[in-house]
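> My file is model06.cif. It has mmCIF, C-alpha atoms and all ligand atoms:
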```cif
data_start
#
loop_
_atom_site.label_atom_id
_atom_site.label_comp_id
_atom_site.auth_asym_id
_atom_site.auth_seq_id
_atom_site.Cartn_x
_atom_site.Cartn_y
_atom_site.Cartn_z
CA MET E 1 99.24 107.09 73.79
CA ILE E 2 96.50 109.56 74.76
CA GLU E 3 96.65 112.64 72.59
CA PHE E 4 94.63 115.80 73.05
CA ARG E 5 94.89 118.08 70.02
CA GLY E 6 92.99 121.31 70.48
CA VAL E 7 90.31 119.46 72.42
CA THR E 8 87.39 121.60 73.54
CA LYS E 9 84.25 120.83 75.48
CA ARG E 10 81.42 123.30 75.30
CA PHE E 11 78.37 122.13 77.20
CA PRO E 12 74.91 122.81 75.73
CA ASP E 13 74.42 125.71 78.18
CA GLY E 14 77.45 127.44 76.65
CA THR E 15 79.93 126.64 79.43
CA VAL E 16 83.37 126.03 77.98
CA ALA E 17 84.77 123.48 80.44
CA VAL E 18 87.88 122.61 78.43
CA ASP E 19 89.40 125.08 76.01
CA GLU E 20 91.68 123.82 73.24
CA LEU E 21 93.61 121.35 75.30
CA ASP E 22 96.86 120.10 73.79
CA LEU E 23 98.81 117.39 75.54
CA VAL E 24 100.04 113.84 75.24
CA ALA E 25 99.73 111.43 78.14
CA GLU E 26 102.57 109.03 77.55
CA GLN E 27 102.26 105.29 77.57
CA GLY E 28 103.23 103.60 80.82
CA ARG E 29 103.46 106.90 82.68
CA ILE E 30 101.39 108.72 85.27
CA THR E 31 99.99 111.98 83.93
CA VAL E 32 98.34 114.18 86.53
CA PHE E 33 95.69 116.82 85.85
CA VAL E 34 95.73 119.37 88.67
CA GLY E 35 94.08 122.72 89.22
CA PRO E 36 91.45 124.53 91.24
CA SER E 37 87.87 123.30 91.41
CA GLY E 38 85.90 123.77 88.20
CA CYS E 39 88.91 124.11 85.92
CA GLY E 40 87.90 121.18 83.69
CA LYS E 41 89.90 118.25 85.08
CA THR E 42 87.00 115.81 85.32
CA THR E 43 85.64 116.86 81.95
CA SER E 44 89.05 116.31 80.34
CA LEU E 45 89.35 112.91 81.98
CA ARG E 46 85.88 111.75 81.00
CA MET E 47 86.39 112.65 77.39
CA ILE E 48 89.11 109.97 77.26
CA ASN E 49 86.58 107.16 77.77
CA ARG E 50 83.86 109.14 76.02
CA MET E 51 81.65 109.51 79.05
CA ILE E 52 81.69 113.10 77.78
CA GLU E 53 82.00 113.84 74.07
CA PRO E 54 84.48 116.46 72.91
CA THR E 55 82.91 119.26 70.89
CA GLY E 56 86.10 120.34 69.17
CA GLY E 57 89.59 119.15 68.33
CA GLU E 58 90.87 115.60 68.21
CA LEU E 59 91.29 113.17 71.05
CA ARG E 60 93.07 109.93 70.28
CA VAL E 61 93.59 106.87 72.43
CA ASP E 62 96.18 104.55 70.98
CA GLY E 63 95.99 106.38 67.68
CA ARG E 64 92.23 106.10 67.42
CA ASP E 65 89.87 109.07 67.58
CA VAL E 66 87.49 108.51 70.51
CA LEU E 67 84.56 109.79 68.48
CA SER E 68 85.01 107.08 65.88
CA ALA E 69 85.48 104.32 68.46
CA ASP E 70 82.69 102.13 69.75
CA PRO E 71 82.21 103.45 73.32
CA ALA E 72 81.80 99.99 74.85
CA GLU E 73 84.90 98.71 73.17
CA LEU E 74 86.83 101.86 74.08
CA ARG E 75 85.90 101.51 77.76
CA ARG E 76 86.94 97.88 77.89
CA GLY E 77 90.51 99.06 77.58
CA ILE E 78 90.14 101.88 80.10
CA GLY E 79 89.72 101.37 83.84
CA TYR E 80 88.01 104.14 85.77
CA VAL E 81 88.29 104.93 89.47
CA ILE E 82 86.39 107.71 91.23
CA GLN E 83 86.37 109.30 94.67
CA GLN E 84 83.44 107.40 96.12
CA ALA E 85 84.66 103.97 95.12
CA GLY E 86 81.24 103.35 93.58
CA LEU E 87 81.05 99.74 94.76
CA PHE E 88 77.92 97.63 94.45
CA PRO E 89 76.62 97.70 98.04
CA HIS E 90 74.86 94.33 97.88
CA ARG E 91 77.76 92.37 96.48
CA THR E 92 80.69 91.04 98.42
CA ILE E 93 84.15 92.48 97.86
CA VAL E 94 85.27 89.51 95.78
CA ASP E 95 82.15 89.74 93.63
CA ASN E 96 82.52 93.49 93.22
CA ILE E 97 85.92 92.85 91.68
CA ALA E 98 84.90 89.70 89.78
CA THR E 99 81.98 91.38 88.06
CA VAL E 100 84.16 92.96 85.41
CA PRO E 101 85.96 89.81 84.23
CA MET E 102 82.62 88.00 84.22
CA LEU E 103 81.12 90.70 82.02
CA VAL E 104 83.86 90.15 79.50
CA GLY E 105 83.35 86.41 79.44
CA SER E 106 85.37 84.79 82.26
CA SER E 107 83.82 81.91 84.15
CA LYS E 108 82.70 82.68 87.70
CA LYS E 109 85.52 80.57 89.10
CA ALA E 110 88.22 82.21 86.97
CA ALA E 111 86.84 85.68 87.73
CA ARG E 112 86.85 85.04 91.48
CA ASP E 113 90.37 83.63 91.38
CA ARG E 114 91.48 86.72 89.53
CA ALA E 115 89.64 88.91 92.05
CA MET E 116 91.49 87.28 94.95
CA GLU E 117 94.78 87.87 93.15
CA LEU E 118 93.88 91.52 92.62
CA MET E 119 93.02 91.95 96.28
CA GLU E 120 96.57 90.96 97.09
CA ILE E 121 97.98 93.21 94.38
CA VAL E 122 96.27 96.28 95.84
CA GLY E 123 97.20 95.38 99.40
CA LEU E 124 93.90 94.06 100.70
CA ASP E 125 93.76 91.11 103.04
CA THR E 126 91.89 88.35 101.19
CA SER E 127 90.10 87.47 104.43
CA MET E 128 87.90 90.49 103.56
CA ALA E 129 86.68 88.85 100.36
CA ARG E 130 83.28 87.90 101.78
CA ARG E 131 82.58 91.24 103.40
CA TYR E 132 80.31 93.89 101.95
CA PRO E 133 81.55 97.38 101.04
CA ALA E 134 79.93 99.00 104.09
CA GLN E 135 82.05 96.76 106.31
CA LEU E 136 85.27 98.28 104.96
CA SER E 137 86.98 101.58 105.79
CA GLY E 138 87.10 104.34 103.18
CA GLY E 139 90.70 103.55 102.33
CA GLN E 140 89.94 99.85 101.93
CA GLN E 141 86.99 100.67 99.68
CA GLN E 142 89.28 102.74 97.47
CA ARG E 143 91.62 99.76 97.18
CA VAL E 144 88.67 97.65 96.06
CA GLY E 145 87.82 100.36 93.54
CA VAL E 146 91.36 100.19 92.16
CA ALA E 147 91.28 96.37 92.08
CA ARG E 148 88.01 96.46 90.19
CA ALA E 149 89.36 98.95 87.68
CA LEU E 150 92.33 96.64 87.10
CA ALA E 151 90.23 93.49 86.80
CA ALA E 152 89.93 93.51 83.03
CA ASP E 153 93.64 94.36 82.79
CA PRO E 154 93.10 97.59 80.85
CA PRO E 155 96.18 99.32 79.47
CA VAL E 156 94.77 102.68 80.58
CA LEU E 157 93.58 103.71 84.03
CA LEU E 158 91.68 106.94 84.67
CA MET E 159 91.53 108.07 88.29
CA ASP E 160 89.39 111.02 89.38
CA GLU E 161 90.38 112.23 92.86
CA PRO E 162 90.43 108.61 94.05
CA PHE E 163 92.12 109.39 97.37
CA SER E 164 90.60 112.77 98.21
CA ALA E 165 88.02 111.45 100.64
CA VAL E 166 90.35 109.47 102.88
CA ASP E 167 92.36 110.81 105.79
CA PRO E 168 95.92 112.02 105.15
CA ILE E 169 97.73 109.00 106.58
CA VAL E 170 95.68 106.51 104.60
CA ARG E 171 96.01 108.74 101.56
CA GLU E 172 99.78 108.58 101.80
CA SER E 173 99.74 104.80 101.94
CA LEU E 174 97.38 104.63 98.96
CA GLN E 175 99.72 106.91 97.03
CA GLU E 176 102.72 104.73 97.87
CA GLU E 177 100.74 101.67 96.85
CA LEU E 178 99.80 103.22 93.54
CA LEU E 179 103.43 104.02 92.77
CA ARG E 180 104.47 100.49 93.68
CA LEU E 181 101.67 99.01 91.62
CA GLN E 182 102.56 101.22 88.70
CA SER E 183 106.21 100.18 88.82
CA GLU E 184 105.00 96.59 88.43
CA LEU E 185 102.12 97.02 86.01
CA GLY E 186 103.26 99.98 83.89
CA LYS E 187 99.76 101.20 83.04
CA THR E 188 99.08 104.46 81.30
CA ILE E 189 97.48 106.40 84.13
CA VAL E 190 95.72 109.73 84.04
CA PHE E 191 95.18 110.91 87.59
CA VAL E 192 93.06 113.91 88.58
CA THR E 193 93.57 115.81 91.82
CA HIS E 194 93.15 119.34 93.18
CA ASP E 195 96.07 118.72 95.53
CA ILE E 196 99.40 119.96 94.19
CA ASP E 197 101.35 117.84 96.70
CA GLU E 198 99.67 114.72 95.39
CA ALA E 199 100.27 115.83 91.79
CA ILE E 200 103.98 116.36 92.40
CA LYS E 201 104.33 113.08 94.23
CA LEU E 202 102.57 110.90 91.68
CA GLY E 203 103.04 112.59 88.33
CA ASP E 204 105.70 111.73 85.79
CA LYS E 205 104.21 114.78 84.13
CA VAL E 206 101.75 117.24 85.56
CA ALA E 207 99.23 119.37 83.68
CA VAL E 208 98.22 122.48 85.62
CA PHE E 209 94.82 123.83 84.55
CA ARG E 210 93.43 127.26 85.24
CA VAL E 211 89.75 128.09 85.66
CA GLY E 212 88.19 128.37 82.22
CA GLY E 213 89.57 125.03 81.12
CA LYS E 214 92.89 126.31 79.80
CA LEU E 215 96.08 124.36 80.27
CA ALA E 216 98.57 126.61 82.04
CA GLN E 217 101.64 124.35 81.98
CA TYR E 218 102.44 120.72 81.26
CA ASP E 219 105.80 119.56 82.55
CA GLU E 220 107.70 117.25 84.84
CA PRO E 221 107.16 118.16 88.49
CA GLY E 222 110.64 119.58 89.01
CA VAL E 223 110.29 121.84 85.99
CA LEU E 224 106.94 123.15 87.20
CA LEU E 225 108.53 124.18 90.45
CA SER E 226 111.71 125.64 89.16
CA ARG E 227 110.37 127.12 85.93
CA PRO E 228 106.71 128.04 86.29
CA VAL E 229 105.54 129.73 83.10
CA ASP E 230 103.62 132.47 84.86
CA GLY E 231 102.38 133.88 88.14
CA PHE E 232 99.38 131.58 88.27
CA VAL E 233 101.46 128.41 88.14
CA ASP E 234 104.06 129.93 90.42
CA ASN E 235 101.42 130.67 92.98
CA PHE E 236 99.65 127.36 92.54
CA VAL E 237 102.77 125.29 93.10
CA GLY E 238 103.75 127.51 96.01
CA ARG E 239 107.23 128.27 94.89
CA ASP E 240 107.69 131.17 97.26
CA ARG E 241 106.90 129.15 100.32
CA GLY E 242 110.12 127.14 100.39
CA TYR E 243 110.62 123.62 99.16
CA ARG E 244 110.29 120.09 100.12
CA GLY E 245 112.30 118.03 97.67
CA LEU E 246 112.34 114.48 96.48
CA GLY E 247 115.81 113.41 95.47
CA PHE E 248 116.63 110.08 93.97
CA LEU E 249 119.86 108.64 95.30
CA SER E 250 120.80 105.88 92.98
CA SER E 251 123.08 103.05 94.02
CA ASP E 252 123.81 102.51 90.32
CA THR E 253 125.43 105.86 90.00
CA ILE E 254 127.14 106.48 93.33
CA PRO E 255 129.38 103.92 95.02
CA ILE E 256 127.12 102.43 97.64
CA GLY E 257 129.59 103.14 100.43
CA SER E 258 129.25 106.86 99.95
CA LEU E 259 125.47 106.86 99.96
CA PRO E 260 124.17 108.46 103.10
CA VAL E 261 121.63 106.21 104.76
CA LEU E 262 118.98 108.51 106.11
CA SER E 263 115.81 108.12 108.08
CA VAL E 264 112.83 110.35 108.59
CA GLY E 265 113.74 113.23 110.89
CA ASP E 266 117.49 113.04 110.17
CA PRO E 267 119.22 116.28 109.33
CA LEU E 268 120.94 116.29 105.97
CA PRO E 269 124.55 115.17 106.25
CA ASP E 270 127.27 117.76 106.78
CA ASP E 271 129.01 117.09 103.51
CA GLY E 272 125.96 118.07 101.51
CA TRP E 273 123.37 115.92 99.92
CA SER E 274 123.72 115.06 96.30
CA VAL E 275 120.79 115.04 94.00
CA VAL E 276 121.26 112.68 91.09
CA VAL E 277 118.95 113.36 88.25
CA ASP E 278 119.91 111.07 85.46
CA GLY E 279 121.77 107.89 84.72
CA SER E 280 125.17 109.56 84.53
CA ALA E 281 127.45 109.31 87.51
CA ARG E 282 127.49 113.06 87.95
CA PRO E 283 125.65 114.47 90.92
CA LEU E 284 123.97 117.54 89.56
CA GLY E 285 123.34 119.57 92.62
CA TRP E 286 123.83 119.80 96.35
CA ILE E 287 121.78 120.99 99.17
CA GLU E 288 123.74 122.97 101.72
CA ALA E 289 124.75 121.05 104.81
CA GLY E 290 122.49 121.36 107.79
CA GLU E 291 119.84 123.22 105.84
CA GLY E 292 117.31 120.49 105.59
CA ARG E 293 115.92 117.36 107.07
CA VAL E 294 114.40 114.15 105.76
CA THR E 295 110.62 114.02 105.87
CA GLU E 296 109.94 110.80 104.00
CA GLU E 297 111.81 107.81 102.79
CA ALA E 298 110.89 105.20 100.24
CA ILE E 299 112.91 102.29 98.93
CA VAL E 300 112.53 102.13 95.18
CA PRO E 301 114.20 99.97 92.55
CA GLY E 302 117.80 101.08 92.24
CA GLY E 303 118.02 103.20 95.34
CA SER E 304 116.17 105.23 97.89
CA LEU E 305 113.91 108.17 97.47
CA TYR E 306 114.10 110.80 100.18
CA ALA E 307 111.86 113.75 100.64
CA VAL E 308 113.67 116.61 102.27
CA GLU E 309 112.69 120.00 103.51
CA SER E 310 115.21 122.60 102.66
CA GLY E 311 115.33 126.29 101.96
CA SER E 312 118.22 125.88 99.56
CA LEU E 313 116.86 123.19 97.33
CA ARG E 314 116.20 125.71 94.62
CA GLY E 315 119.84 125.90 93.58
CA ALA E 316 120.16 122.15 93.47
CA LEU E 317 117.14 121.92 91.27
CA ASP E 318 118.30 124.58 88.92
CA ALA E 319 121.49 122.59 88.46
CA ALA E 320 119.53 119.39 88.11
CA LEU E 321 117.11 120.74 85.58
CA SER E 322 119.75 122.10 83.31
CA SER E 323 120.82 118.52 82.67
CA PRO E 324 119.65 117.07 79.37
CA SER E 325 117.24 114.58 80.85
CA GLY E 326 116.13 116.58 83.86
CA GLN E 327 114.59 113.51 85.40
CA GLY E 328 114.53 111.97 88.80
CA VAL E 329 113.97 114.99 90.95
CA ALA E 330 110.68 116.34 92.08
CA VAL E 331 110.02 119.13 94.48
CA ASP E 332 107.07 119.76 96.56
CA ALA E 333 105.81 123.06 97.87
CA ASP E 334 105.71 123.05 101.63
P1 LIG E 401 86.88 120.01 87.86
O1 LIG E 401 86.83 118.54 87.74
O2 LIG E 401 88.20 120.60 87.50
O3 LIG E 401 86.43 120.52 89.19
P2 LIG E 401 84.78 119.96 85.86
O4 LIG E 401 85.43 119.35 84.68
O5 LIG E 401 83.88 119.10 86.65
O6 LIG E 401 85.87 120.65 86.79
O7 LIG E 401 83.93 121.23 85.39
C1 LIG E 401 84.50 122.24 84.58
C2 LIG E 401 83.45 123.32 84.31
O8 LIG E 401 82.40 122.79 83.53
C3 LIG E 401 82.79 123.86 85.57
O9 LIG E 401 82.56 125.22 85.38
C4 LIG E 401 81.51 123.09 85.64
O10 LIG E 401 80.53 123.83 86.32
C5 LIG E 401 81.16 122.95 84.18
N1 LIG E 401 80.33 121.75 83.90
C6 LIG E 401 80.62 120.47 84.23
N2 LIG E 401 79.67 119.63 83.79
C7 LIG E 401 78.75 120.41 83.16
C8 LIG E 401 77.51 120.17 82.48
N3 LIG E 401 77.04 118.92 82.34
N4 LIG E 401 76.85 121.22 81.97
C9 LIG E 401 77.33 122.48 82.08
N5 LIG E 401 78.48 122.79 82.71
C10 LIG E 401 79.19 121.77 83.24
MG MG E 402 86.34 117.07 89.20
#
```
Give the structure from the file, written as structure tokens.
Ligand code: ADP
Ligand code: MG


Amino acid sequence: MIEFRGVTKRFPDGTVAVDELDLVAEQGRITVFVGPSGCGKTTSLRMINRMIEPTGGELRVDGRDVLSADPAELRRGIGYVIQQAGLFPHRTIVDNIATVPMLVGSSKKAARDRAMELMEIVGLDTSMARRYPAQLSGGQQQRVGVARALAADPPVLLMDEPFSAVDPIVRESLQEELLRLQSELGKTIVFVTHDIDEAIKLGDKVAVFRVGGKLAQYDEPGVLLSRPVDGFVDNFVGRDRGYRGLGFLSSDTIPIGSLPVLSVGDPLPDDGWSVVVDGSARPLGWIEAGEGRVTEEAIVPGGSLYAVESGSLRGALDAALSSPSGQGVAVDAD
């Protein structure tokens, strides 16, 4: 869907911000760009909607080279969300969101109706519609930013550290909301963050950049953690500091009666905790009894997702990742 083939950005002052980037951000998936400050994440992101022009290689969106696309037309299909939500301060919330559909030809009434619908979609109380941005909290403003980016129903959504400026509790709820939204809308999302925890939580695939604009590794989260390509990635994902794991327990694949029902704070059950990583009925790994505890729980389609802290998750993951699909498990450095 979004293909980088040897894409380079050299700024006029000679700075190489992105150096021969090769990756494909798949359609309907969340691709995360993560890495230390200054490693070229924002530059890579902004080349997708041609806010920055590549100086080498080929960058295609939906098969079309961005340099041969009309920038206005290109951007119509690409929503963009940044850290400071970038709302119009003198317009109400509903009008902030409605502006985009109106720009592309909707009537004021239709655009406002759509805006109200989007407020609900992103989890904002519609009673806030008549307020101004300054009357909303940071987290609420970010939700408006997301709603506005979705207003023209673009197939692609670019998000540059959208949740970095909000406090950790609100950030978590925004992350959950994004995952829920994504499971309903199935956008192609490219999400930039410097926070490896956020990358692991949100990414179907994660691109780790190193300073100098080089891609260090591009893989599913579980693979990054269990098979980092080098010391830089290893260090960045914090492999040596123990694990927090996300295991998907699927009610499709295990008889429901044998599924442990866990809550946050619970120790892992004595008979071990199975980690199911693909659609087959075979649990692919176990965490030793009593060696971990649940830190988060989320109900997702088909089962529950538990985050666990455990020193022995590594073995489970190694088993999991040697499966052909290797999907459904993510680990998080603690
Ligand atoms: P990140 O988003 O990962 O923090 P950026 O993509 O913003 O990094 O920047 C990557 C590198 O490119 C940095 O060294 C930054 O200083 C440099 N850079 C960004 N924009 C420009 C510019 N307009 N001119 C020159 N250098 C730039
Ligand atoms: Mg940046």

> Name all residues at most 10 Å from Val208 (chain E) (count all atoms listed in the file; drop same-chain ones fewer than 2 positions away) and give them as a list in words.

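Using all atoms listed in the file, the neighbours found are Val32, Phe33, Val34, Gly35, Pro36, Cys39, Lys41, His194, Ile196, Ala199, Lys205, Val206, Arg210, Lys214, Leu215, Ala216, Gln217, Tyr218, Asp219, Leu224, Phe232, Val233, Phe236 and Val237 of chain E.
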
> Emit the selected residues as a PDB file, in the coordinates of the input, including C-alpha atoms.


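Result went into part-v2.pdb, see below:
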```
ATOM      1  CA  VAL E  32      98.340 114.180  86.530  1.00  0.00           C
ATOM      2  CA  PHE E  33      95.690 116.820  85.850  1.00  0.00           C
ATOM      3  CA  VAL E  34      95.730 119.370  88.670  1.00  0.00           C
ATOM      4  CA  GLY E  35      94.080 122.720  89.220  1.00  0.00           C
ATOM      5  CA  PRO E  36      91.450 124.530  91.240  1.00  0.00           C
ATOM      6  CA  CYS E  39      88.910 124.110  85.920  1.00  0.00           C
ATOM      7  CA  LYS E  41      89.900 118.250  85.080  1.00  0.00           C
ATOM      8  CA  HIS E 194      93.150 119.340  93.180  1.00  0.00           C
ATOM      9  CA  ILE E 196      99.400 119.960  94.190  1.00  0.00           C
ATOM     10  CA  ALA E 199     100.270 115.830  91.790  1.00  0.00           C
ATOM     11  CA  LYS E 205     104.210 114.780  84.130  1.00  0.00           C
ATOM     12  CA  VAL E 206     101.750 117.240  85.560  1.00  0.00           C
ATOM     13  CA  ARG E 210      93.430 127.260  85.240  1.00  0.00           C
ATOM     14  CA  LYS E 214      92.890 126.310  79.800  1.00  0.00           C
ATOM     15  CA  LEU E 215      96.080 124.360  80.270  1.00  0.00           C
ATOM     16  CA  ALA E 216      98.570 126.610  82.040  1.00  0.00           C
ATOM     17  CA  GLN E 217     101.640 124.350  81.980  1.00  0.00           C
ATOM     18  CA  TYR E 218     102.440 120.720  81.260  1.00  0.00           C
ATOM     19  CA  ASP E 219     105.800 119.560  82.550  1.00  0.00           C
ATOM     20  CA  LEU E 224     106.940 123.150  87.200  1.00  0.00           C
ATOM     21  CA  PHE E 232      99.380 131.580  88.270  1.00  0.00           C
ATOM     22  CA  VAL E 233     101.460 128.410  88.140  1.00  0.00           C
ATOM     23  CA  PHE E 236      99.650 127.360  92.540  1.00  0.00           C
ATOM     24  CA  VAL E 237     102.770 125.290  93.100  1.00  0.00           C
TER      25      VAL E 237
END
```

> Dump the neighbourhood of ligand MG 402 (chain E) as a ChimeraX atom specification: all residues within 8 Å, distances computed on only C-alpha atoms and all ligand atoms.

/E:37-38,40-43,160-161,192-193

> Could you jot down the CA of Val81 (chain E) to CA of Phe191 (chain E) separation for me, Å, one decimal place?

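About the pair CA of Val81 (chain E) and CA of Phe191 (chain E): they are 9.3 Å apart.
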
> Which residue is closest to ligand LIG 401 (chain E)? Choose from E:Lys187, E:Arg64, E:Lys9, E:Arg171 and count all atoms listed in the file.

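Closest to ligand LIG 401 (chain E) of all the choices is E:Lys9.
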
> Would you mind telling me which residue in E:Ala110, E:Leu136, E:Val18, E:Val166 lies nearest to ligand LIG 401 (chain E) when using all atoms listed in the file?

E:Val18

> Suppose you want the space between CA of Arg29 (chain E) and CA of Thr55 (chain E); what is it in Å?

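Computing it gives 26.7 Å between the two atoms.
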